[in-house]
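Report on the following structure.
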Amino acid sequence: MENIKKIYNCLLSEYGPQGWWPLLDFRGRNPTKTGSIKGYHPRDYSFPKNDRQRFEICCGAILTQSVAWSSVEKALMNLKKIKAIEATAINKINIEKLKSAIKPAGYFNQKAKKLKEFAKFYISLKGKTPTREQLLSVWGVGRETADSILLYAYKVPIFVVDAYTKRIFSKLGFFKESADYDEIRELFEKNLPKDFKIYQEFHALIVEHAKRHYTKKLCGINCPLKKIVK
DNA sequence: AACCAGGACGTGA
DNA sequence: TCACGTCATGGT
């Protein structure tokens, strides 16, 4: 399974550092990225720089569930406008007001409740890093969201497995599409240095590669990685 | 004009 | 455990 690392190196040299997780108040851009969403910070792994950014990442991780980031960005900008990207603010805000702010990100009834639940949890942490189990106990936080929060908001070296990861690597023959989330996660963690920077970068690269070669239509035809895996 | 996007939860078998 | 329905807006 040395191939896992080969693929990482290949994607990195192909697309370059991705600069995830995007932040609203960071003006930098990634010129190699598809689309023109701002907030990426390639080669800079010092984020989040403060608690505000940390909470923003958590909100984004919840809001992006099954939704394109461009939609999440709108929702986050709405929240910023009403000064609600802060746990205490989300905790207090009128739920209907919260729903209308995050409407662009879809599933607003559920996601408003999820943000409320998470804000309460976040406050209870009092600045400490949550465990994965603690995160999973929060209503609305599943495995991918928990791992995204740990990896990008807290720099904990946990590999994030998303639908794209399953699609790409099952097509390449690493496991079957129905494989268990944690088994897939451990496969990646076992074959990579335990480094949050690499995990962050790889996950972002997988999303970028999927958008170019693994949409449901393309489904990997012409995927250059096939030659590497063989 | 269907189809899908950086999932999670509830339900019934 | 597992397969399936539901949630909802916005871009292609």
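If you're wondering about the labels, chains in the structure tokens are A, B, ... by order shown, residues count from 1 in each chain, ligands from 1 in order shown.
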
Note to self: Could you work out which residues of chain B fall inside 12 Å of chain A? Count only C-alpha atoms (C1' of nucleotides), and format the result as a list of chain:residue names.
What the structure shows: B:DC3, B:DC4, B:DA5, B:DG6, B:DG7, B:DA8, B:DC9

Q) What are the residues of chain A that have an atom within 8 Å of an atom of chain C, counting only C-alpha atoms (C1' of nucleotides), as JSON, numbers by chain? A) {"A": [71, 103, 104, 105, 106, 107, 108, 110]}

**Asked** Got a sec to tell me which of segment 49-163 of chain A DSSP assigns to alpha helix (DSSP H), as a ChimeraX atom specification?
**Response** /A:51-63,69-81,87-92,95-102,108-125,132-136,143-148,163
